[in-house]
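File shown: query28.txt. Contents: compact mmCIF, C-alpha atoms.
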```txt
# COMPACT_ATOMS: atom_id res chain seq x y z
CA MET A 1 6.86 30.24 -19.42
CA THR A 2 4.91 27.22 -18.14
CA GLU A 3 3.97 27.46 -14.48
CA LEU A 4 3.55 24.31 -12.39
CA LEU A 5 0.47 24.51 -10.17
CA LEU A 6 -0.31 22.64 -6.95
CA ALA A 7 -3.54 22.09 -5.08
CA ALA A 8 -3.19 19.98 -1.95
CA THR A 9 -5.32 19.14 1.05
CA SER A 10 -5.79 16.42 3.66
CA LEU A 11 -9.25 15.39 4.84
CA ASP A 12 -10.10 13.66 8.11
CA VAL A 13 -12.27 10.76 6.96
CA THR A 14 -12.28 8.72 10.18
CA PRO A 15 -15.57 6.82 10.51
CA PRO A 16 -17.51 6.70 13.78
CA PRO A 17 -16.99 3.69 16.08
CA GLY A 18 -18.98 0.55 15.51
CA HIS A 19 -17.59 -0.59 12.16
CA ARG A 20 -15.43 -3.62 11.50
CA LEU A 21 -11.70 -3.15 11.13
CA ASP A 22 -9.79 -4.80 8.30
CA GLY A 23 -6.41 -6.48 7.98
CA TYR A 24 -6.37 -9.44 10.39
CA ALA A 25 -8.35 -12.66 10.18
CA ALA A 26 -7.90 -13.08 13.95
CA ARG A 27 -9.55 -9.76 14.81
CA LEU A 28 -13.06 -9.94 16.22
CA GLY A 29 -15.55 -7.18 16.99
CA VAL A 30 -15.88 -3.60 15.77
CA ALA A 31 -13.94 -0.37 16.21
CA THR A 32 -14.31 1.14 19.67
CA GLY A 33 -12.71 4.50 18.90
CA THR A 34 -9.83 6.32 17.22
CA ALA A 35 -6.14 6.09 18.08
CA ASP A 36 -5.23 8.61 15.36
CA PRO A 37 -7.20 9.97 12.41
CA LEU A 38 -7.58 8.33 9.03
CA GLN A 39 -6.98 10.74 6.19
CA ALA A 40 -7.59 11.11 2.48
CA THR A 41 -4.90 13.32 0.97
CA LEU A 42 -5.21 14.98 -2.44
CA ILE A 43 -2.12 16.30 -4.23
CA TRP A 44 -2.84 17.70 -7.68
CA LEU A 45 -0.08 18.87 -10.02
CA SER A 46 -1.07 20.58 -13.23
CA THR A 47 -0.53 23.63 -15.41
CA ALA A 48 -3.01 26.14 -16.77
CA ASP A 49 -3.54 24.05 -19.91
CA ASP A 50 -2.65 20.53 -18.76
CA PRO A 51 -4.73 18.62 -16.15
CA GLY A 52 -1.65 16.68 -15.04
CA VAL A 53 -2.13 14.09 -12.28
CA LEU A 54 -4.03 14.08 -9.00
CA TRP A 55 -2.81 11.61 -6.38
CA LEU A 56 -5.44 10.56 -3.85
CA THR A 57 -3.87 8.62 -0.98
CA LEU A 58 -6.11 6.95 1.58
CA ASP A 59 -5.50 5.37 4.99
CA ALA A 60 -7.13 2.04 4.14
CA ILE A 61 -6.24 -1.63 3.83
CA ALA A 62 -7.01 -1.39 0.12
CA VAL A 63 -9.08 0.43 -2.47
CA GLY A 64 -11.15 -2.06 -4.41
CA SER A 65 -12.17 -1.47 -8.00
CA GLU A 66 -15.56 0.05 -7.17
CA LEU A 67 -14.20 2.36 -4.48
CA SER A 68 -11.28 3.38 -6.71
CA ARG A 69 -13.67 4.35 -9.49
CA GLU A 70 -15.92 6.31 -7.14
CA LEU A 71 -13.03 8.16 -5.51
CA ALA A 72 -11.40 8.96 -8.85
CA GLU A 73 -14.67 10.41 -10.12
CA ALA A 74 -15.16 12.40 -6.90
CA ALA A 75 -11.62 13.78 -6.90
CA GLY A 76 -11.89 14.56 -10.60
CA ALA A 77 -15.12 16.46 -9.97
CA ALA A 78 -13.47 18.44 -7.15
CA ALA A 79 -10.59 19.41 -9.44
CA GLY A 80 -12.64 19.78 -12.61
CA ILE A 81 -10.65 17.15 -14.49
CA GLN A 82 -11.37 13.72 -15.94
CA SER A 83 -11.13 10.80 -13.53
CA SER A 84 -8.51 9.15 -15.75
CA HIS A 85 -6.04 11.74 -14.39
CA VAL A 86 -6.62 10.56 -10.81
CA VAL A 87 -4.49 7.88 -9.14
CA VAL A 88 -6.05 6.30 -6.03
CA SER A 89 -3.67 4.57 -3.61
CA ALA A 90 -4.17 2.87 -0.24
CA SER A 91 -1.58 3.00 2.54
CA HIS A 92 -2.49 -0.60 3.52
CA THR A 93 -2.96 0.23 7.19
CA HIS A 94 -4.38 -2.77 9.06
CA SER A 95 -6.44 -0.52 11.32
CA GLY A 96 -8.93 0.97 8.88
CA PRO A 97 -12.58 0.05 8.23
CA SER A 98 -13.46 -2.93 6.04
CA GLY A 99 -16.71 -1.28 4.95
CA TRP A 100 -15.16 1.21 2.54
CA THR A 101 -14.14 -1.48 0.05
CA GLY A 102 -15.77 -4.65 1.37
CA GLU A 103 -14.20 -8.06 0.97
CA ILE A 104 -10.75 -7.90 -0.62
CA HIS A 105 -10.02 -11.61 -0.19
CA PRO A 106 -11.90 -14.71 1.01
CA VAL A 107 -9.44 -14.91 3.93
CA ILE A 108 -11.21 -12.02 5.68
CA PRO A 109 -14.94 -11.98 4.83
CA ALA A 110 -16.41 -8.49 4.80
CA GLU A 111 -19.28 -6.55 3.33
CA ARG A 112 -19.21 -3.14 1.73
CA GLU A 113 -21.13 -0.57 3.77
CA CYS A 114 -22.67 1.73 1.18
CA SER A 115 -23.39 4.59 3.60
CA LEU A 116 -19.83 4.48 4.94
CA ALA A 117 -18.35 4.51 1.44
CA ALA A 118 -20.73 7.27 0.37
CA SER A 119 -19.59 9.45 3.26
CA LEU A 120 -15.95 9.03 2.22
CA VAL A 121 -16.68 9.71 -1.45
CA GLY A 122 -18.76 12.75 -0.54
CA ALA A 123 -15.95 14.22 1.54
CA VAL A 124 -13.56 13.88 -1.38
CA ARG A 125 -16.03 15.39 -3.82
CA ALA A 126 -16.46 18.41 -1.52
CA ALA A 127 -12.71 19.01 -1.18
CA ARG A 128 -11.53 22.53 -1.98
CA LEU A 129 -8.62 22.47 -4.40
CA GLU A 130 -7.14 25.92 -4.91
CA ARG A 131 -4.05 25.95 -7.11
CA GLN A 132 -0.87 27.92 -6.49
CA PRO A 133 2.51 28.07 -8.28
CA VAL A 134 5.19 25.69 -7.01
CA THR A 135 8.53 24.22 -7.93
CA ALA A 136 9.11 20.48 -7.79
CA SER A 137 12.21 18.59 -6.73
CA TRP A 138 13.13 14.98 -6.07
CA ARG A 139 15.14 13.23 -3.40
CA SER A 140 15.61 9.72 -2.08
CA VAL A 141 17.00 8.67 1.28
CA GLU A 142 17.89 5.40 3.00
CA VAL A 143 15.74 4.53 6.00
CA ILE A 144 16.94 1.92 8.50
CA GLY A 145 14.86 0.62 11.37
CA VAL A 146 11.26 0.95 10.16
CA GLY A 147 10.87 -2.26 8.19
CA THR A 148 12.69 -5.31 6.85
CA ASN A 149 11.83 -8.39 4.88
CA ARG A 150 9.35 -10.14 7.14
CA HIS A 151 10.48 -13.70 6.37
CA ARG A 152 14.15 -13.12 7.06
CA ARG A 153 15.67 -9.98 8.50
CA ASN A 154 18.34 -9.68 5.82
CA GLY A 155 16.06 -10.63 2.93
CA PRO A 156 15.20 -8.36 -0.02
CA HIS A 157 13.81 -4.92 0.79
CA ASP A 158 14.07 -1.51 -0.84
CA ASN A 159 14.87 0.58 2.23
CA THR A 160 14.81 3.91 0.41
CA ALA A 161 12.09 6.52 0.60
CA GLY A 162 11.34 8.47 -2.58
CA ILE A 163 10.38 12.09 -1.95
CA LEU A 164 8.62 14.54 -4.27
CA ALA A 165 8.89 17.97 -2.62
CA LEU A 166 6.74 20.91 -3.69
CA HIS A 167 7.79 24.41 -2.62
CA SER A 168 6.12 27.78 -3.07
CA PRO A 169 8.06 30.54 -4.88
CA SER A 170 9.01 31.90 -1.43
CA GLY A 171 10.61 28.58 -0.53
CA ALA A 172 7.95 27.28 1.86
CA LEU A 173 7.36 23.53 1.76
CA GLU A 174 3.74 23.19 0.65
CA ALA A 175 3.41 19.46 0.07
CA VAL A 176 5.33 16.20 0.09
CA LEU A 177 4.48 13.00 -1.77
CA PHE A 178 6.68 10.19 -0.51
CA ASP A 179 6.81 6.44 -0.93
CA PHE A 180 8.27 3.70 1.22
CA ALA A 181 7.78 -0.07 1.27
CA CYS A 182 6.63 -1.56 4.57
CA HIS A 183 3.39 -3.00 5.93
CA PRO A 184 1.70 -0.58 8.39
CA THR A 185 1.25 -3.34 10.99
CA THR A 186 2.59 -1.80 14.17
CA TYR A 187 -0.82 -2.39 15.70
CA GLY A 188 -1.83 -6.04 15.80
CA PRO A 189 -5.17 -7.86 15.71
CA GLU A 190 -5.83 -6.96 19.35
CA ASN A 191 -6.16 -3.28 18.42
CA MET A 192 -9.78 -2.13 18.06
CA GLN A 193 -9.18 1.54 17.26
CA TYR A 194 -8.82 3.27 13.91
CA SER A 195 -5.23 4.17 13.09
CA ALA A 196 -3.18 5.20 10.09
CA ASP A 197 -0.27 3.43 11.83
CA TRP A 198 3.28 4.68 11.19
CA PRO A 199 2.44 6.45 7.86
CA GLY A 200 0.06 8.68 9.84
CA ALA A 201 2.71 9.39 12.46
CA THR A 202 5.19 10.28 9.71
CA ARG A 203 2.64 12.60 8.16
CA ALA A 204 1.96 14.31 11.49
CA ALA A 205 5.68 14.81 12.13
CA LEU A 206 6.09 16.54 8.76
CA ALA A 207 3.24 19.02 9.33
CA PRO A 208 2.24 21.68 8.40
CA ALA A 209 3.03 20.52 4.86
CA VAL A 210 0.35 18.41 3.19
CA VAL A 211 1.78 14.90 3.05
CA GLY A 212 0.68 12.07 0.79
CA PHE A 213 2.01 8.54 1.28
CA LEU A 214 2.43 5.88 -1.40
CA GLN A 215 3.01 2.27 -0.36
CA GLY A 216 5.80 0.49 -2.23
CA ALA A 217 6.55 -3.17 -3.00
CA ALA A 218 5.73 -4.26 0.54
CA GLY A 219 4.24 -7.72 0.07
CA ASP A 220 6.99 -9.34 2.13
CA VAL A 221 8.11 -6.31 4.14
CA SER A 222 6.90 -5.26 7.60
CA PRO A 223 8.07 -4.03 11.04
CA ARG A 224 8.07 -7.65 12.29
CA PHE A 225 11.80 -7.52 13.16
CA THR A 226 12.00 -3.81 14.01
CA ARG A 227 8.99 -2.99 16.16
CA GLN A 228 9.55 -2.79 19.90
CA GLY A 229 5.91 -2.95 20.90
CA ARG A 230 2.36 -2.86 19.60
CA GLY A 231 0.94 0.46 20.78
CA ALA A 232 0.70 4.17 20.07
CA ALA A 233 4.20 4.85 21.40
CA GLU A 234 5.71 2.47 18.86
CA VAL A 235 3.64 3.96 16.04
CA THR A 236 5.05 7.36 16.96
CA ARG A 237 8.61 6.02 17.23
CA LEU A 238 8.59 4.41 13.79
CA GLY A 239 6.81 7.35 12.16
CA SER A 240 9.22 9.83 13.74
CA LEU A 241 12.20 7.79 12.58
CA LEU A 242 11.00 7.92 8.98
CA ALA A 243 10.01 11.61 9.22
CA THR A 244 13.47 12.49 10.53
CA ARG A 245 15.12 10.90 7.51
CA VAL A 246 12.70 12.68 5.16
CA ARG A 247 13.44 16.05 6.82
CA GLU A 248 17.17 15.39 6.54
CA ALA A 249 16.76 14.71 2.83
CA LEU A 250 14.67 17.86 2.38
CA ALA A 251 17.43 19.92 4.00
CA SER A 252 19.79 19.10 1.13
CA PRO A 253 19.46 20.21 -2.51
CA GLY A 254 17.33 17.90 -4.61
CA LEU A 255 16.96 17.16 -8.29
CA GLU A 256 14.98 19.98 -9.86
CA LEU A 257 12.08 18.69 -11.93
CA PRO A 258 10.60 20.44 -14.97
CA GLN A 259 7.79 22.95 -14.60
CA SER A 260 5.57 20.85 -16.85
CA ALA A 261 2.70 18.78 -15.46
CA PRO A 262 3.19 15.06 -14.80
CA ALA A 263 1.80 12.70 -17.42
CA ILE A 264 -0.08 9.44 -16.94
CA ARG A 265 -0.51 6.40 -19.18
CA ARG A 266 -2.78 3.44 -18.44
CA THR A 267 -3.34 -0.12 -19.54
CA THR A 268 -5.15 -3.22 -18.29
CA LEU A 269 -3.64 -6.69 -17.90
CA THR A 270 -5.90 -9.75 -17.95
CA LEU A 271 -4.34 -12.56 -15.92
CA PRO A 272 -5.56 -16.09 -15.14
CA VAL A 273 -6.35 -17.13 -11.58
CA ARG A 274 -4.29 -20.14 -10.43
CA ASN A 275 -5.81 -23.53 -9.81
CA ILE A 276 -6.55 -23.67 -6.08
CA PRO A 277 -5.90 -27.06 -4.44
CA PRO A 278 -9.07 -28.89 -3.31
CA ALA A 279 -10.46 -27.87 0.08
CA ASP A 280 -9.66 -31.22 1.71
CA GLU A 281 -6.02 -30.93 0.66
CA SER A 282 -5.80 -27.42 2.10
CA GLU A 283 -7.53 -28.57 5.29
CA LYS A 284 -4.94 -31.33 5.71
CA LEU A 285 -2.18 -28.75 5.30
CA ALA A 286 -3.86 -26.45 7.84
CA ASN A 287 -4.16 -29.29 10.35
CA ALA A 288 -0.51 -30.24 9.87
CA VAL A 289 0.68 -26.65 10.31
CA GLU A 290 -1.55 -26.20 13.36
CA LYS A 291 0.10 -29.21 15.03
CA VAL A 292 3.52 -27.70 14.39
CA VAL A 293 2.44 -24.33 15.81
CA THR A 294 0.85 -25.95 18.86
CA ALA A 295 3.95 -28.05 19.52
CA ALA A 296 6.19 -24.99 19.21
CA GLU A 297 3.98 -23.04 21.62
CA THR A 298 4.16 -25.88 24.09
CA ARG A 299 7.95 -25.87 23.88
CA GLY A 300 7.93 -22.07 24.19
CA THR A 301 10.02 -21.68 21.03
CA ALA A 302 7.44 -19.91 18.90
CA ALA A 303 4.17 -18.02 19.03
CA SER A 304 4.50 -17.42 22.78
CA GLY A 305 3.79 -13.76 22.14
CA VAL A 306 2.94 -11.48 19.26
CA GLU A 307 6.39 -9.88 19.41
CA ASP A 308 8.18 -13.17 18.65
CA PRO A 309 8.95 -13.01 14.89
CA SER A 310 9.24 -16.78 14.54
CA GLY A 311 5.85 -17.12 16.21
CA ARG A 312 4.27 -14.68 13.78
CA ILE A 313 5.80 -16.50 10.80
CA SER A 314 4.37 -19.82 12.01
CA GLN A 315 0.98 -18.31 12.80
CA THR A 316 0.68 -16.55 9.45
CA ARG A 317 1.50 -19.78 7.61
CA LEU A 318 -1.35 -21.39 9.49
CA ASP A 319 -3.57 -18.45 8.51
CA GLY A 320 -2.47 -18.99 4.91
CA ALA A 321 -3.36 -22.68 4.94
CA ARG A 322 -6.79 -21.87 6.34
CA GLY A 323 -7.16 -19.10 3.80
CA GLN A 324 -6.34 -21.39 0.90
CA ALA A 325 -9.05 -23.75 2.15
CA LEU A 326 -11.52 -20.85 2.06
CA MET A 327 -10.41 -19.99 -1.48
CA ALA A 328 -11.11 -23.58 -2.54
CA THR A 329 -14.76 -23.22 -1.53
CA ALA A 330 -15.19 -19.68 -2.90
CA THR A 331 -16.37 -18.86 -6.39
CA LEU A 332 -13.34 -17.26 -8.00
CA PRO A 333 -13.34 -15.76 -11.50
CA PRO A 334 -11.19 -17.48 -14.14
CA THR A 335 -9.36 -14.23 -14.87
CA LEU A 336 -8.67 -10.91 -13.18
CA HIS A 337 -8.30 -7.54 -14.91
CA LEU A 338 -5.49 -5.48 -13.39
CA PRO A 339 -5.26 -1.73 -14.09
CA ILE A 340 -1.62 -0.63 -14.49
CA SER A 341 -0.43 2.95 -14.84
CA ALA A 342 2.79 4.87 -15.19
CA VAL A 343 3.13 8.48 -14.05
CA THR A 344 6.15 10.39 -15.31
CA MET A 345 7.57 13.74 -14.30
CA GLY A 346 10.95 14.57 -15.74
CA ASP A 347 13.36 11.77 -14.82
CA VAL A 348 10.94 10.25 -12.29
CA CYS A 349 8.52 7.44 -13.08
CA TRP A 350 6.00 5.92 -10.68
CA ILE A 351 4.78 2.44 -11.70
CA ASN A 352 1.37 1.82 -10.14
CA LEU A 353 -0.04 -1.68 -9.66
CA PRO A 354 -3.12 -3.01 -7.78
CA VAL A 355 -1.23 -5.80 -6.01
CA GLU A 356 1.12 -6.52 -3.11
CA LEU A 357 4.41 -7.09 -4.90
CA PHE A 358 7.30 -8.81 -3.15
CA ALA A 359 10.44 -6.71 -2.79
CA VAL A 360 12.36 -8.68 -5.41
CA HIS A 361 9.65 -7.89 -7.97
CA GLY A 362 9.92 -4.18 -7.22
CA ALA A 363 13.68 -4.39 -7.73
CA CYS A 364 13.18 -6.19 -11.06
CA LEU A 365 10.79 -3.51 -12.35
CA GLN A 366 13.22 -0.79 -11.29
CA SER A 367 16.18 -2.46 -12.99
CA ASP A 368 14.18 -3.09 -16.18
CA SER A 369 12.93 0.49 -16.40
CA THR A 370 14.48 2.87 -18.89
CA HIS A 371 13.60 5.85 -16.68
CA PRO A 372 16.51 7.23 -14.61
CA ILE A 373 14.42 7.15 -11.41
CA THR A 374 11.68 4.54 -11.00
CA ARG A 375 9.48 3.98 -7.96
CA VAL A 376 7.21 0.94 -7.73
CA ILE A 377 3.88 1.57 -6.00
CA GLY A 378 1.35 -1.09 -5.04
CA TYR A 379 -2.22 -1.04 -3.66
CA THR A 380 -3.32 1.41 -6.38
CA ASP A 381 -6.54 1.68 -8.41
CA GLY A 382 -7.77 -1.70 -7.16
CA TYR A 383 -6.62 -4.67 -5.13
CA TYR A 384 -5.78 -8.22 -6.27
CA GLY A 385 -3.69 -9.64 -3.46
CA TYR A 386 -0.12 -10.88 -3.25
CA VAL A 387 2.37 -11.49 -6.04
CA VAL A 388 5.03 -13.78 -4.56
CA ASP A 389 8.54 -14.77 -5.53
CA PRO A 390 9.67 -18.37 -6.26
CA SER A 391 11.25 -18.87 -2.83
CA ALA A 392 7.97 -18.02 -1.10
CA ALA A 393 6.04 -20.32 -3.43
CA GLU A 394 8.45 -23.17 -2.68
CA ALA A 395 8.31 -22.55 1.09
CA GLY A 396 4.52 -22.31 1.13
CA THR A 397 4.43 -19.00 2.98
CA TYR A 398 1.23 -17.25 4.03
CA GLU A 399 1.33 -15.02 0.95
CA ALA A 400 2.00 -17.92 -1.43
CA LEU A 401 -0.90 -19.92 -0.03
CA ILE A 402 -3.47 -17.16 -0.59
CA THR A 403 -2.18 -15.59 -3.82
CA PHE A 404 -4.44 -15.57 -6.87
CA PHE A 405 -1.48 -16.08 -9.22
CA ASP A 406 1.00 -18.84 -10.04
CA GLN A 407 4.62 -18.23 -11.01
CA PRO A 408 4.13 -18.18 -14.83
CA THR A 409 1.41 -15.58 -14.35
CA THR A 410 3.66 -13.54 -12.06
CA ASN A 411 6.40 -13.60 -14.71
CA SER A 412 3.89 -12.44 -17.31
CA LEU A 413 2.75 -9.59 -15.05
CA LEU A 414 6.30 -8.34 -14.54
CA THR A 415 7.34 -8.71 -18.18
CA THR A 416 4.24 -7.02 -19.55
CA THR A 417 4.38 -4.22 -16.99
CA ALA A 418 8.04 -3.49 -17.79
CA ALA A 419 7.29 -3.45 -21.53
CA PHE A 420 4.37 -1.06 -20.99
CA VAL A 421 6.39 1.33 -18.81
CA ASN A 422 9.21 1.45 -21.36
CA SER A 423 7.00 1.77 -24.44
```
Give the structure from the file, written as structure tokens.
Amino acid sequence: MTELLLAATSLDVTPPPGHRLDGYAARLGVATGTADPLQATLIWLSTADDPGVLWLTLDAIAVGSELSRELAEAAGAAAGIQSSHVVVSASHTHSGPSGWTGEIHPVIPAERECSLAASLVGAVRAARLERQPVTASWRSVEVIGVGTNRHRRNGPHDNTAGILALHSPSGALEAVLFDFACHPTTYGPENMQYSADWPGATRAALAPAVVGFLQGAAGDVSPRFTRQGRGAAEVTRLGSLLATRVREALASPGLELPQSAPAIRRTTLTLPVRNIPPADESEKLANAVEKVVTAAETRGTAASGVEDPSGRISQTRLDGARGQALMATATLPPTLHLPISAVTMGDVCWINLPVELFAVHGACLQSDSTHPITRVIGYTDGYYGYVVDPSAAEAGTYEALITFFDQPTTNSLLTTTAAFVNS
């Protein structure tokens, strides 16, 4: 009889102070310390004769192509498997170092710090992965109160968490791999300490199990309408809320998955970069939006504080207009090559993409999938920015202003991805 094997570990990969933080264009300065640790989590499922899949989840804004390749090779070396069996995913925390990946978008200039990246890769390569027999089961649970659509509270959002639970033969919970769609932006640009944000707090609340987190279709989803503050207490509150729902789901019987190793298939999509409006046109837009924001601040109806959602929406649109102006002066490639993968285990399929999908796109991929259970994961094996829906493009939101892709290209991405997953 085939025996499913698990090796799982979490590594503290928090850099020392003094490095730039990523995620906010308005943030200045370098990290002064650590609010909570950044972790790299490795969850490897295999059998004696099948290398299966190793998920490497990292508390980072993104994993660029170079870092993804290096981490996949390092994790593969630690497990003794080919790097093609490794999936590298970022949590998208906005309180991690920029130096691991370097610049992910012209909006936030950054440089890759080779020594910082080498330290991370070395820690992964040195990870001890000792396999033990486990059983696998699946659950999903609705989670209310952590995140919503960040443009309108009742807008599209998949508010379910998908949970892969791995138990020892004695019944002990050894590891959990869960996904949920929501920006980890409890901390704002004023924060100068490393933090995994609410995914880290969820992970801590589910200890001692090893917990890996996969970020879903969160391009337009955040705690903007749910957060009650911007500090450590709010990180803990949101993380505890999610962990409570996960524990409740784990307390009930789940769908038993086969004892065979998960399988992975890969492809690459080559997509054109949209025509960016000239810099002077974008500058005019930025100036116009800035006048609106300034007038609203003067009236006290928006942007009077970071906790005012309407203020954040106005401010981010201004950031987007400025970002589009930066894109107009940057040297962008004519095409981008996006790695796409599908991991399957019994009835469950994880679709992995290197972009920030809007919630409606995640729902489309789920509905088009022929697999009984489909989870859409972003920020994986690379990073190529936002993929926005037509309403955002028409409204000129922050994400639409800085996306690399136009609507025909977005449609091509979704159609081709669905066809690949179902092939």
Just want the 9 Å neighbourhood of His157 in chain A, counted on all atoms listed in the file, with same-chain residues fewer than 4 positions away dropped. Output as a ChimeraX atom specification. /A:147-149,181-182,217-218,220-221,358-360,362-363
Hey, what's within 8 Å of Gly52 in chain A if we count all atoms listed in the file and toss same-chain stuff fewer than 3 positions away? As a PDB file with C-alpha atoms, in the frame of the given file, please?
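result10.pdb, freshly written:
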```pdb
ATOM      1  CA  TRP A  44      -2.840  17.700  -7.680  1.00  0.00           C
ATOM      2  CA  LEU A  45      -0.080  18.870 -10.020  1.00  0.00           C
ATOM      3  CA  SER A  46      -1.070  20.580 -13.230  1.00  0.00           C
ATOM      4  CA  THR A  47      -0.530  23.630 -15.410  1.00  0.00           C
ATOM      5  CA  HIS A  85      -6.040  11.740 -14.390  1.00  0.00           C
ATOM      6  CA  ALA A 261       2.700  18.780 -15.460  1.00  0.00           C
ATOM      7  CA  PRO A 262       3.190  15.060 -14.800  1.00  0.00           C
ATOM      8  CA  ALA A 263       1.800  12.700 -17.420  1.00  0.00           C
ATOM      9  CA  ILE A 264      -0.080   9.440 -16.940  1.00  0.00           C
TER      10      ILE A 264
END
```
Which of these residues is nearest to Thr380 in chain A, using all atoms listed in the file: A:Ala60, A:Val124, A:Met327, A:Val273? A:Ala60
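Take the candidates A:Ser412, A:Ser89, A:Ser65, A:Ser115 and check each one against Glu103 in chain A using all atoms listed in the file; the shortest distance goes to A:Ser65.
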As lines of an AutoDock Vina configuration file: centre and edge lengths in Å, one decimal, of the axis-aligned box holding range 235-248 of chain A with 8 Å per side:
```
center_x = 10.4
center_y = 10.0
center_z = 11.2
size_x = 29.5
size_y = 28.1
size_z = 28.1
```
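We find CA of Leu177 in chain A and CA of Leu164 in chain A to be spaced 5.1 Å apart.
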Would you mind telling me which residue in A:Val211, A:Gln132, A:Phe178, A:Leu255 lies nearest to Thr41 in chain A when using all atoms listed in the file? A:Val211
Between A:Pro408, A:Gly231, A:Asp381, A:Pro109, single out the one closest to Glu70 in chain A, counting all atoms listed in the file. A:Asp381
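Among the candidate residues A:Asp406, A:Asp368, A:Asp22, A:Asp280, the one lying nearest to Ala110 in chain A is A:Asp22, with distances computed using all atoms listed in the file.
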Contacts of Ser369 in chain A within 12 Å, all atoms listed in the file, excl. fewer than 6 positions in-chain, as a list in words: Ala342, Asp347, Val348, Cys349, Trp350, Ile351, Gly362, Ala363, Arg375, Val376, Leu414, Thr415, Thr416, Thr417, Ala418, Ala419, Phe420, Val421, Asn422 and Ser423 of chain A
From the list A:Ile61, A:Ala7, A:Leu242, A:Ala75, the nearest residue to Gly122 in chain A using all atoms listed in the file is A:Ala75
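A straight line drawn from CA of Pro97 in chain A to CA of Arg20 in chain A is 5.7 Å long.
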Separation of CA of Thr410 in chain A from CA of Val387 in chain A, in Å and rounded to one decimal: 6.5 Å
Need to verify the contact set: Ile377 in chain A, 6 Å, all atoms listed in the file, exclusion of same-chain residues closer than 6 positions in sequence. Can you return it as a PyMOL selection string? chain A and resi 215-216+351-352
Residues within 12 Å of Leu241 in chain A, please, as a list in words. Count all atoms listed in the file; anything in the same chain fewer than 5 positions from it doesn't count. Glu142, Val143, Ile144, Gly145, Val146, Gly147, Trp198, Pro199, Ala201, Thr202, Arg203, Ala205, Leu206, Thr226, Arg227, Glu234, Val235, Thr236, Val246, Arg247 and Glu248 of chain A
